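Notes follow the structure.
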Amino acid sequence: FGTMVDISYDEQAAGDDQFLTDFLSPNQCPSWASCLGYLGVSAAVVLSNWGSAWGTWKSGVSLVHTGIRHPKSVMKNVIPIVMAGVIGIYGLIVGVILAQSITQPDGKRNNVYSIYTGMAHLSAGLCCGISGLVAGACIGIVGDYGVRAVGYRASSITLFPSGQGADANGYTEIPDNEESQAANVTEDVSGSDDQNKLFVGMLIMLIFSEALALYGLIIALIVSQNEYSCG
């Protein structure tokens with residue numbers, strides 16, 4: 001009986017040693033390596049769509065509220081919503097590329113997808129996803145305040161009443177300086193020229209916000225090309 005116990009103990013110890021050897025050996029293609037690649041796909045698509053939805057939500061709410069007073073500016077101020085929607089396309093592109101790059105095991109159930117490739121795909125997905133998330137948030141906030149500012153400038157809103165007729169004229173009753181105020185001379189500052197200046201400023205901020213997602217897309221496409229196969 002003691003001999004059988006010793007043999008069983010030796011076999012268990014040998015099995016534990018083999019497990020440790022397999023676990024600590026420099027195996028570049030374990031069975032769980034593909035999990036890294038699919039995590040990269042999920043990160044690229046989910047985070048990019050999250051940023052796109054965030055930007056669309058913030059800009060869309062302000063656009064609807066502004067359109068109540070100034071309906072003519074709705075089509076022009078829809079640009080932040082379009083730019084936020086493009087971010088989701090970036091995540092879709094990277095997700096499709098990464099998903100097609102994940103290889104299946106061969107006929108003998110040997111995994112040829114390496115840890116190196118999985119980490120590269122995970123990094124690419126995170127680059128695109130997180131960049132799209134922060135870009136969408138930036139577009140949403142800039143679009144929210146920008147659309148409201150352009151709409152308020154174009155509509156007859158009295159923020160600074162200055163005498164009779166202020167409710168009808170709005171910003172047109174704001175004195176330009178102390179001299180014109182003393183002479184009771186007003187200047188029209190609610191024209192289309194001032195609206196265009198506000199719109200151009202908002203558009204520049206939106207372009208540079210969109211560029212953040214574009215930077216992540218470019219790096220993701222470059223990193224996704226790094227592959228190592230065990231086959």
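Following the order of the structure tokens, first chain is A, next is B, and so on, with residues numbered from 1 inside each chain and ligands from 1 in the order they appear.
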
List as an NGL selection string the protein and nucleic acid residues near range 74-90 of chain A, meaning an atom at most 9 Å away when only C-alpha atoms are counted, but skip any in the same chain fewer than 5 places from it. :A and (44-60 or 63-64 or 66-67 or 95 or 128-129 or 132-133 or 135-137 or 139-140 or 142-144 or 146-147 or 150-151 or 199 or 203 or 206-207 or 210 or 213-214 or 216-217)

One number please: CA of Ser34 in chain A to CA of Ser114 in chain A, in Å, one decimal. 7.8 Å

Take CA of Tyr228 in chain A and CA of Thr103 in chain A and report the distance between them in Å, one decimal. 11.1 Å

Residue nearest Ser101 in chain A among A:Leu212, A:Val200, A:Gly37, A:Ser73 (counting only C-alpha atoms): A:Gly37
